[in-house]
Amino acid sequence: MNQKTTEQSSNYEDLENMSTSELLKNMNAEDKKVPEAIEKILPKIEELVNIIVSKISEENGRLFYIGAGTSGRLGVLDASECPPTFGVPDDVIIGLIAGGDGALRKAVENAEDDEEQAWRDLQKFNITKNDVLLGIAASGSTPYVIGGVKEARKNGLVTSCITNNAGSALAKAVEFPLEIVVGPEFVTGSTRMKSGTSQKLVLNMISTAVMIKLGRVKGNKMVDMQLSNNKLVDRGIRMIMAELSVNQELAAKLLKEHKSVRVVLKNYKSDS
């Protein structure tokens, strides 16, 4: 049986004998390999982003992430950050983790081993062929994820995955596989390290590119962000000051009145 890249022995031996400096330098050296691996699959990421944009904009579709453990947590994290960052409803990008929300904090025993559970979880959201399902699994062999994408594909959904092993069962089960082969982990088999980092970067790229293509960014500003705390309100005021060349007092007044940076920029310019 061929050994998965993510399970291969670390390139470093006797970690416990390394100094703190050596540990950090060596981990950083390994992390540098991640963007290089991602660069190799940029055309595939581009293809997927364009499909997701089309599904959301033309068919009122949604993007779902499913995963277990670290992979599941990263999917939920990315999905949960889109509403406050881009002002989209929380049902546009949805992240599900094997074992439910409780698994975000504590591992749920055997949650990832049920091939049928992901599709049951997705049914709660009335998933349809207008939606896109992206499975995340460093190993590429997680039953929860493979079962979910297989059933989704049978039902006519666009399916994709992020995995860190080439030629995995998960990659073979989807139409648009994203295989990011980053090599053995610094701590053998610890895919929360390079593999997890690569997943986080690619999820950032996918969701951010999709939101930009859907018009949720103006220039380089998050004009649709939710003004949910003082930091974000201050950021909104600075955006308005820069875009409209007005003082802080007026910018704050306009933002308080309209409660949206985008609305302020649109209405104030049209009134001027």
# chains A, B, ... in the order shown; residues from 1 in each chain; ligands from 1
call {"tool": "residues_around", "arguments": {"residues": "Arg105 in chain A", "least_positions_apart": "4", "cutoff": "10 Å", "atoms": "only C-alpha atoms", "output": "PDB file with C-alpha atoms, in the first residue's frame"}}
result
ATOM      1  CA  GLY A  69     -11.285  17.829  12.581  1.00  0.00           C
ATOM      2  CA  ARG A  73     -12.885  23.782  11.613  1.00  0.00           C
ATOM      3  CA  ASP A 101     -20.698  22.461  16.257  1.00  0.00           C
TER       4      ASP A 101
END
call {"tool": "residues_around", "arguments": {"residues": "range 33-46 of chain A", "least_positions_apart": "2", "cutoff": "8 Å", "atoms": "only C-alpha atoms", "output": "PyMOL selection string"}}
result
chain A and resi 29-31+48-50+176-182+194+197-198+202+206
call {"tool": "closest_residue", "arguments": {"among": "A:Val223, A:Met241, A:Val132, A:Ala251", "to": "Asn60 in chain A", "atoms": "only C-alpha atoms"}}
result
A:Val132
call {"tool": "closest_residue", "arguments": {"among": "A:Asp91, A:Glu112, A:Asp224, A:Glu243", "to": "Ile66 in chain A", "atoms": "only C-alpha atoms"}}
result
A:Glu112
call {"tool": "residues_around", "arguments": {"residues": "Gly215 in chain A", "least_positions_apart": "6", "cutoff": "12 Å", "atoms": "only C-alpha atoms", "output": "MDAnalysis selection string"}}
result
chainID A and resid 53 57 86:88 208:209 221:224 262
call {"tool": "write_last_selection", "arguments": {"atoms": "C-alpha atoms", "output": "CSV table (one decimal), in the first residue's frame"}}
result
chain,number,residue,atom,x,y,z
A,53,VAL,CA,-19.7,32.9,-8.8
A,57,SER,CA,-25.2,35.0,-9.1
A,86,PHE,CA,-18.6,41.2,3.1
A,87,GLY,CA,-22.1,41.8,4.4
A,88,VAL,CA,-23.6,38.7,2.9
A,208,THR,CA,-12.5,36.4,-1.1
A,209,ALA,CA,-12.3,36.1,-4.9
A,221,LYS,CA,-12.4,48.3,0.7
A,222,MET,CA,-14.9,46.2,2.5
A,223,VAL,CA,-17.8,48.6,1.9
A,224,ASP,CA,-20.4,46.0,2.9
A,262,ARG,CA,-21.6,51.5,0.6
call {"tool": "select_by_dssp", "arguments": {"residues": "range 76-259 of chain A", "states": "helix (DSSP H, G or I)", "output": "PyMOL selection string"}}
result
chain A and resi 76-86+101-104+111-113+117-123+143-154+169-173+194-213+230-244+248-258
call {"tool": "select_by_dssp", "arguments": {"residues": "range 91-149 of chain A", "states": "strand (DSSP E or B)", "output": "PyMOL selection string"}}
result
chain A and resi 93-97+132-136
call {"tool": "atom_distance", "arguments": {"atom1": "CA of Gln123 in chain A", "atom2": "CA of Leu214 in chain A"}}
result
26.1 Å
call {"tool": "closest_residue", "arguments": {"among": "A:Gly135, A:Glu175, A:Thr128, A:Lys106", "to": "Asn155 in chain A", "atoms": "only C-alpha atoms"}}
result
A:Thr128
call {"tool": "closest_residue", "arguments": {"among": "A:Glu109, A:Asp131, A:Asp234, A:Glu22", "to": "Arg62 in chain A", "atoms": "only C-alpha atoms"}}
result
A:Asp131
